[in-house]
Structures are given as C-alpha cells and as structure tokens.
Amino acid sequence: MKTCLIVDDSRVIRKVARQIFESIGYACTEAEDGKVALDACKTVLPQFVLLDWNMPVMNGLEFLRALRQLPGGDKPSVVFCTTENDLNHIQEALGAGANEYIMKPFDADIIRGKLEQLGLLD
Amino acid sequence: MKQEDFDLLSTLVRQRSGLVLTPEKAYLLESRLFPVARKHNMKSLEDLAQALRARRDETLMFDITEAMTTNESFFFRDQKPFTLFQKTILPQMLAARAAKKHLRIWSAAASSGQEAYSLAMVCAEEAAKLQGWKIDIIGTDLSREMVNRAKAGIYSQFEVQRGLPVTYLVKYFTQIAGDKWQIKDNIRQMVQYREANLLADFGPIGSFDIVYCRNVLIYFDLPTKGKVLNAIGNIMTPDGFLLLGGAETVLGVCDRFKPMPGEHGLYCLSAAYPQGVKAVG
C-alpha cells in the first residue's frame with residue numbers, strides 16, 4: 001500500500017485530506033507540525049508528503065529542507081498545500097525541492113490531478 | 001416542468017447546438033435556464049417557454065443556447081491526449097511537413113480555451129524542434145462568452161490547479177490578482193479563437209493537420225455525430241490526425257476515419273497510415 005504523511009496544524013484539513021487519500025488507496029499518517037513530521041520521517045520515509053507551509057514549531061519549508069538532507073530523503077514526493085498563493089512562495093518551494101504545489105482551498109480533483117502528474121495514481 | 005415546455009426548449013437547444021437533452025436531463029435545463037429567465041425578467045421556465053411561443057426572440061434564443069452549451073474544461077484534460085501530441089503526433093507531423101514547416105491545429109469546441117493553450121504550451125516546451133516553423137492553433141466554440149474568456153486567457157486559482165503542473169504555471173502564467181492568473185502573451189499569441197458552430201458550414205477555416213474534438217460528440221445523437229465527423233474529414237489533410245474524447249468513437253458512426261492501433265482516442269482518415277505510427281522519445 002502506498003503511504004502518505006499529511007502535515008498540517010489544522011485537524012480539519014488533516015481529516016479532509018486523509019479522506020481523499022484513503023479513498024484512492026493510500027495509508028495515511030498525520031503530523032501537526034514540521035518537527036513531528038521530520039521525526040516520523042527519520043523512522044520511516046513515506047512515499048508522499050502533503051505539506052502545509054505555516055505551522056508552529058517548524059514550518060513546512062524548514063521541514064522540506066531537512067527532509068531532503070536525510071538519507072533517502074530525496075525519494076518522497078512532496079506537495080505543498082497552503083494558503084500562500086503568490087509566485088514567490090511557489091518558486092521558493094520548488095527551489096527547496098517540492099515536487100508540486102497546491103494553493104488552498106483544494107478539492108479531491110486537484111489532489112488527484114497532482115498525483116496523476118507525479119505518476120502516483122493507479 | 002411541463003412536458004410541452006421541456007419539448008419546446010430541448011428542441012430549440014438541439015436545433016441550434018446539436019445538444020440532445022433526454023427527459024432525465026430536465027434538471028440541467030432547469031438549473032441552467034432559470035438564470036436566463038431571470039435576466040429576461042421572467043419568473044419561471046413556464047414563462048420562458050410561453051415567451052418563445054409568442055415570439056421567436058433571437059436574443060432570448062441566443063442566451064438559452066449559450067447557457068446550455070457552456071461546459072467546464074481544464075488544462076491538460078485527461079493528460080494522455082497531450083502526451084500523445086508531444087510524443088507521437090508532433091514528431092510524425094514535423095517529419096511529414098519538413099519542407100513546408102507549417103502546421104495547423106484545430107481545437108474544436110474549445111470552451112474557455114484550456115485545450116488550445118495546453119497544446120500551445122506543449123509547442124513551447126518543444127520550441128527547440130520548432131525553430132523556423134509556423135504553428136497555427138485555432139480554437140473555436142459555439143459560445144461567444146466562452147470565446148471571449150478564452151481570448152482573455154484569465155483563469156481562477158481553481159482552474160490553474162486542475163491538471164496544470166505547477167512548473168507550467170510558473171513558466172507560462174502571470175499572477176494578475178491574488179487568485180487570478182493570466183496566460184502569458186507568448187502563449188496567447190500562438191492561439192486564435194473564434195465563434196463557430198460545429199453543426200453549421202465551417203466556412204473559410206482552411207485545412208488542418210491535427211484536430212482535437214473532445215467531449216462534444218457525446219452530446220449529439222448518432223446522425224449528428226456522423227455529420228460532424230464527416231465535415232471534420234472534409235477539412236483534414238489526408239495524413240492528418242483526429243483526437244476524440246475518452247467516451248467517443250468513430251466506429252459505427254463514420255467510416256471515413258479509422259482508429260490508430262494502440263493509441264486510444266487517436267484516429268486518422270481511413271486511407272492513411274497502413275503501417276501505423278510510432279511514438280518517438
């Protein structure tokens with residue numbers, strides 16, 4: 001089963017995202033900030049990370065930079081999912097190694113489309 | 001809705017656009033035409049039907065057709081037809097037109113322009129191979145509102161996320177307001193949009209090497225499908241390609257085309273390509 005780590009400080013967003021990912025056959029884990037997510041990745045790397053930007057303790061960009069330094073940390077596909085919707089943020093995210101970028105609000109179609117482009121949808 | 005009102009409205013829409021509305025689709029008629037009734041100061045679809053019976057009001061009939069034929073679209077819809085364009089159709093055509101260095105592409109029923117702009121973006125990605133080439137991309141739609149939207153090339157945050165890779169968003173769009181993005185001039189200038197009805201004479205539209213006509217035939221009845229396919233056959237170059245939507249086919253509809261083996265949705269004129277074509281790269 002494909003694995004997805006959902007990183008967002010909003011429990012509601014995590015729940016909505018989890019439903020979408022589970023409906024397309026992903027096993028999901030959740031993290032409420034970048035630090036918790038990074039600790040989880042040090043134990044086991046997911047195939048896919050859905051990543052919020054603004055979170056307490058460690059933000060999404062800091063998490064992504066740290067993840068890419070881990071052994072095998074270049075493997076997971078990371079897709080930002082954030083209210084930050086300007087070109088500068090998008091370029092900064094891509095520069096830090098994000099594979100895709102979703103501007104909130106999102107829906108199941110957008111997530112499925114991005115997964116399809118990344119070759120992660122059967 | 002009363003049966004005679006449904007019959008009147010669905011017949012009008014069918015005559016003007018080819019769109020077939022079966023009785024199960026009455027809800028679609030109601031939801032799309034209620035705003036039209038309001039715009040014309042009427043309270044219900046009953047009033048709308050009554051007004052049409054009293055007078056063949058051209059503006060009203062135009063608005064009804066527009067409302068019924070406006071459909072959602074998104075960039076790189078279904079993805080495969082665009083991979084096919086990049087890997088198979090374009091290389092094949094670049095070889096076939098090497099002397100002329102001119103290609104004409106038609107996005108029929110272009111809606112708000114996403115398909116034609118997606119093809120233009122693929123051409124921009126392949127710019128190195130297209131040095132010195134003239135590529136005409138023509139997008140047509142029945143709806144004036146859609147043609148105007150396509151020409152403007154302005155899309156909502158939702159629209160630019162459906163199917164469009166973020167790298168293309170960064171490369172080919174400008175953010176013009178918080179949640180509005182406009183396709184850049186270099187891509188916009190590659191595409192010409194105009195109003196055209198697939199059921200009418202196409203007029204002086206010229207001939208095309210590649211025709212994308214996706215997700216429109218499904219709305220037509222069998223004789224209309226055949227008529228439209230035949231008309232498309234008339235304006236295609238003998239070695240040209242036709243792309244249909246995932247739920248559409250020429251089989252049992254029009255024998256002028258044959259499917260390309262192994263390439264779902266891709267068709268050519270029956271006499272062309274006895275050996276088939278191969279993907280490149």
# chains A, B, ... in the order shown; residues from 1 in each chain; ligands from 1
>>> residues_around(residues="Leu60 (chain B)", least_positions_apart="2", cutoff="10 Å", atoms="only C-alpha atoms", output="NGL selection string")
:B and (36-37 or 39-40 or 48 or 51-52 or 55-58 or 62-66)
>>> select_by_dssp(residues="chain A", states="strand (DSSP E)", output="PyMOL selection string")
chain A and resi 2-7+26-31+48-51+77-82+100-103
>>> select_by_dssp(residues="region 39-86 of chain A", states="helix (DSSP H, G or I)", output="list in words")
Asp39, Ala40, Cys41, Lys42, Thr43, Gly60, Leu61, Glu62, Phe63, Leu64, Arg65, Ala66, Leu67, Arg68 and Gln69 of chain A
>>> write_last_selection(atoms="all heavy atoms", output="CSV table (one decimal), in the first residue's frame")
chain,number,residue,atom,x,y,z
A,39,ASP,N,10.5,14.0,12.6
A,39,ASP,CA,10.8,12.8,13.5
A,39,ASP,C,10.2,11.5,12.9
A,39,ASP,O,10.8,10.5,12.9
A,39,ASP,CB,10.3,13.0,14.9
A,39,ASP,CG,11.1,14.1,15.6
A,39,ASP,OD1,12.2,14.4,15.2
A,39,ASP,OD2,10.6,14.7,16.6
A,40,ALA,N,9.0,11.6,12.4
A,40,ALA,CA,8.3,10.5,11.7
A,40,ALA,C,9.1,10.0,10.5
A,40,ALA,O,9.3,8.8,10.3
A,40,ALA,CB,6.9,10.8,11.3
A,41,CYS,N,9.7,10.9,9.7
A,41,CYS,CA,10.4,10.6,8.5
A,41,CYS,C,11.8,9.9,8.9
A,41,CYS,O,12.3,9.2,8.1
A,41,CYS,CB,10.6,11.8,7.7
A,41,CYS,SG,9.1,12.3,6.8
A,42,LYS,N,12.3,10.3,10.0
A,42,LYS,CA,13.6,9.7,10.5
A,42,LYS,C,13.4,8.2,10.8
A,42,LYS,O,14.3,7.4,10.7
A,42,LYS,CB,14.1,10.4,11.7
A,42,LYS,CG,14.8,11.7,11.3
A,42,LYS,CD,15.2,12.5,12.5
A,42,LYS,CE,15.8,13.9,12.1
A,42,LYS,NZ,15.9,14.8,13.2
A,43,THR,N,12.1,7.8,11.2
A,43,THR,CA,11.8,6.4,11.5
A,43,THR,C,11.5,5.7,10.2
A,43,THR,O,12.1,4.7,9.9
A,43,THR,CB,10.6,6.3,12.4
A,43,THR,OG1,10.8,7.2,13.5
A,43,THR,CG2,10.5,4.9,13.0
A,60,GLY,N,6.7,24.4,7.1
A,60,GLY,CA,6.8,23.4,6.0
A,60,GLY,C,8.1,23.5,5.2
A,60,GLY,O,8.7,22.5,4.9
A,61,LEU,N,8.6,24.7,5.0
A,61,LEU,CA,9.8,24.9,4.2
A,61,LEU,C,11.0,24.3,4.9
A,61,LEU,O,11.8,23.7,4.4
A,61,LEU,CB,9.9,26.4,3.9
A,61,LEU,CG,11.0,26.7,2.8
A,61,LEU,CD1,10.5,26.2,1.4
A,61,LEU,CD2,11.3,28.2,2.7
A,62,GLU,N,11.0,24.6,6.3
A,62,GLU,CA,12.2,24.1,7.1
A,62,GLU,C,12.1,22.6,7.1
A,62,GLU,O,13.2,21.9,7.0
A,62,GLU,CB,12.1,24.7,8.5
A,62,GLU,CG,12.3,26.1,8.6
A,62,GLU,CD,11.8,26.8,9.9
A,62,GLU,OE1,11.0,26.2,10.6
A,62,GLU,OE2,12.3,27.8,10.3
A,63,PHE,N,10.9,22.0,7.2
A,63,PHE,CA,10.8,20.6,7.2
A,63,PHE,C,11.3,20.0,5.9
A,63,PHE,O,12.1,19.1,5.9
A,63,PHE,CB,9.3,20.2,7.4
A,63,PHE,CG,9.0,18.8,6.9
A,63,PHE,CD1,9.3,17.7,7.7
A,63,PHE,CD2,8.5,18.5,5.6
A,63,PHE,CE1,9.1,16.4,7.3
A,63,PHE,CE2,8.3,17.3,5.2
A,63,PHE,CZ,8.6,16.2,6.0
A,64,LEU,N,10.9,20.6,4.8
A,64,LEU,CA,11.3,20.1,3.5
A,64,LEU,C,12.8,20.1,3.3
A,64,LEU,O,13.4,19.1,2.8
A,64,LEU,CB,10.6,20.9,2.4
A,64,LEU,CG,11.0,20.6,0.9
A,64,LEU,CD1,10.7,19.1,0.6
A,64,LEU,CD2,10.2,21.5,-0.1
A,65,ARG,N,13.4,21.2,3.7
A,65,ARG,CA,14.9,21.3,3.6
A,65,ARG,C,15.6,20.2,4.4
A,65,ARG,O,16.5,19.6,3.9
A,65,ARG,CB,15.4,22.7,4.0
A,65,ARG,CG,14.9,23.8,2.9
A,65,ARG,CD,15.7,25.1,3.1
A,65,ARG,NE,15.4,25.9,1.9
A,65,ARG,CZ,14.9,27.2,2.0
A,65,ARG,NH1,14.6,27.7,3.2
A,65,ARG,NH2,14.7,27.9,0.9
A,66,ALA,N,15.1,20.0,5.6
A,66,ALA,CA,15.7,19.0,6.5
A,66,ALA,C,15.4,17.6,5.9
A,66,ALA,O,16.3,16.7,5.9
A,66,ALA,CB,15.1,19.1,7.9
A,67,LEU,N,14.2,17.4,5.4
A,67,LEU,CA,13.9,16.1,4.8
A,67,LEU,C,14.8,15.7,3.7
A,67,LEU,O,15.3,14.6,3.6
A,67,LEU,CB,12.4,16.1,4.3
A,67,LEU,CG,12.0,14.9,3.4
A,67,LEU,CD1,11.8,13.6,4.3
A,67,LEU,CD2,10.7,15.2,2.6
A,68,ARG,N,15.1,16.7,2.8
A,68,ARG,CA,15.9,16.4,1.6
A,68,ARG,C,17.4,16.1,2.0
A,68,ARG,O,18.1,15.5,1.2
A,68,ARG,CB,15.9,17.6,0.7
A,68,ARG,CG,14.5,17.8,0.0
A,68,ARG,CD,14.0,16.6,-0.7
A,68,ARG,NE,12.8,16.9,-1.6
A,68,ARG,CZ,11.9,16.0,-1.9
A,68,ARG,NH1,11.9,14.8,-1.3
A,68,ARG,NH2,10.9,16.3,-2.6
A,69,GLN,N,17.8,16.4,3.3
A,69,GLN,CA,19.1,16.1,3.8
A,69,GLN,C,19.2,14.7,4.3
A,69,GLN,O,20.3,14.1,4.5
A,69,GLN,CB,19.5,17.1,4.9
A,69,GLN,CG,19.6,18.6,4.4
A,69,GLN,CD,20.6,18.7,3.2
A,69,GLN,OE1,21.7,18.2,3.3
A,69,GLN,NE2,20.2,19.4,2.2
>>> closest_residue(among="B:Gly262, B:Gly178, B:Gly252, B:Pro35", to="Asp86 (chain A)", atoms="only C-alpha atoms")
B:Gly178
>>> closest_atom_pairs(of="chain B", to="chain A", cutoff="12 Å", atoms="only C-alpha atoms", output="Markdown table")
| residue | atom | partner | partner_atom | distance |
| --- | --- | --- | --- | --- |
| B:Phe74 | CA | A:Gly113 | CA | 10.6 |
| B:Phe75 | CA | A:Gly113 | CA | 10.4 |
| B:Phe76 | CA | A:Gly113 | CA | 9.8 |
| B:Arg77 | CA | A:Gly113 | CA | 9.4 |
| B:Asp78 | CA | A:Gly113 | CA | 9.1 |
| B:Gln79 | CA | A:Gln117 | CA | 8.1 |
| B:Lys80 | CA | A:Gln117 | CA | 10.6 |
| B:Thr83 | CA | A:Gln117 | CA | 11.3 |
| B:Ser156 | CA | A:Met103 | CA | 11.2 |
| B:Gln157 | CA | A:Met103 | CA | 7.5 |
| B:Phe158 | CA | A:Phe106 | CA | 7.7 |
| B:Glu159 | CA | A:Ile110 | CA | 9.3 |
| B:Val160 | CA | A:Ile110 | CA | 9.7 |
| B:Gln161 | CA | A:Ile110 | CA | 6.2 |
| B:Arg162 | CA | A:Ile110 | CA | 5.3 |
| B:Gly163 | CA | A:Gly113 | CA | 5.3 |
| B:Leu164 | CA | A:Gly113 | CA | 8.2 |
| B:Pro165 | CA | A:Gln117 | CA | 7.1 |
| B:Val166 | CA | A:Glu100 | CA | 6.0 |
| B:Thr167 | CA | A:Glu100 | CA | 7.9 |
| B:Tyr168 | CA | A:Glu100 | CA | 10.8 |
| B:Leu169 | CA | A:Leu87 | CA | 9.1 |
| B:Val170 | CA | A:Leu87 | CA | 7.0 |
| B:Lys171 | CA | A:Leu87 | CA | 10.4 |
| B:Tyr172 | CA | A:Leu87 | CA | 11.9 |
| B:Phe173 | CA | A:Leu87 | CA | 9.8 |
| B:Thr174 | CA | A:Leu87 | CA | 8.5 |
| B:Gln175 | CA | A:Leu87 | CA | 7.2 |
| B:Ile176 | CA | A:Asp86 | CA | 10.2 |
| B:Ala177 | CA | A:Asp86 | CA | 9.3 |
| B:Gly178 | CA | A:Asn85 | CA | 7.2 |
| B:Asp179 | CA | A:Asn85 | CA | 7.5 |
| B:Lys180 | CA | A:Asn85 | CA | 10.2 |
| B:Trp181 | CA | A:Asp86 | CA | 10.4 |
>>> write_last_selection(atoms="C-alpha atoms", output="short mmCIF file (atom, residue, chain, number, x, y, z; two decimals), in the first residue's frame")
data_model
loop_
_atom_site.label_atom_id
_atom_site.label_comp_id
_atom_site.auth_asym_id
_atom_site.auth_seq_id
_atom_site.Cartn_x
_atom_site.Cartn_y
_atom_site.Cartn_z
CA PHE B 74 -9.40 22.16 -17.59
CA PHE B 75 -5.78 22.25 -18.65
CA PHE B 76 -4.25 19.02 -19.96
CA ARG B 77 -7.60 17.31 -19.51
CA ASP B 78 -7.04 13.52 -19.29
CA GLN B 79 -3.29 14.13 -19.76
CA LYS B 80 -2.84 11.27 -22.32
CA THR B 83 1.44 13.16 -24.13
CA SER B 156 -9.16 31.33 -11.40
CA GLN B 157 -6.87 29.72 -8.84
CA PHE B 158 -9.04 26.61 -9.04
CA GLU B 159 -8.77 26.42 -12.83
CA VAL B 160 -4.99 26.75 -12.94
CA GLN B 161 -4.59 23.88 -10.49
CA ARG B 162 -6.75 21.32 -12.28
CA GLY B 163 -4.39 19.35 -14.49
CA LEU B 164 -1.76 22.06 -14.87
CA PRO B 165 1.68 21.21 -13.46
CA VAL B 166 2.90 23.99 -11.16
CA THR B 167 6.10 24.33 -13.19
CA TYR B 168 3.93 25.30 -16.20
CA LEU B 169 2.01 27.76 -14.03
CA VAL B 170 5.27 29.44 -13.09
CA LYS B 171 6.60 29.40 -16.65
CA TYR B 172 3.53 30.30 -18.70
CA PHE B 173 1.26 32.40 -16.44
CA THR B 174 1.37 35.79 -14.75
CA GLN B 175 -0.42 36.34 -11.46
CA ILE B 176 -2.64 39.37 -12.08
CA ALA B 177 -4.53 39.40 -8.77
CA GLY B 178 -4.43 37.23 -5.67
CA ASP B 179 -6.42 34.39 -7.17
CA LYS B 180 -6.39 35.23 -10.89
CA TRP B 181 -3.76 34.09 -13.35
#
>>> residues_around(residues="Leu45 (chain A)", least_positions_apart="2", cutoff="12 Å", atoms="only C-alpha atoms", output="list in words")
Lys2, Thr3, Cys4, Leu5, Thr29, Ala37, Leu38, Asp39, Ala40, Cys41, Lys42, Thr43, Gln47, Phe48, Val49, Leu67, Arg68, Leu70, Pro71, Gly72, Gly73, Asp74, Lys75, Pro76, Ser77 and Val78 of chain A
>>> residues_around(residues="Asp8 (chain A)", least_positions_apart="2", cutoff="8 Å", atoms="only C-alpha atoms", output="PyMOL selection string")
chain A and resi 6+10-11+13-14+30-33+51-52+55
>>> residues_around(residues="Ala116 (chain B)", least_positions_apart="4", cutoff="12 Å", atoms="only C-alpha atoms", output="PyMOL selection string")
chain B and resi 73-77+82+85+104-112+120-123+136-141+147+150-151+153+183+187-193+210-214
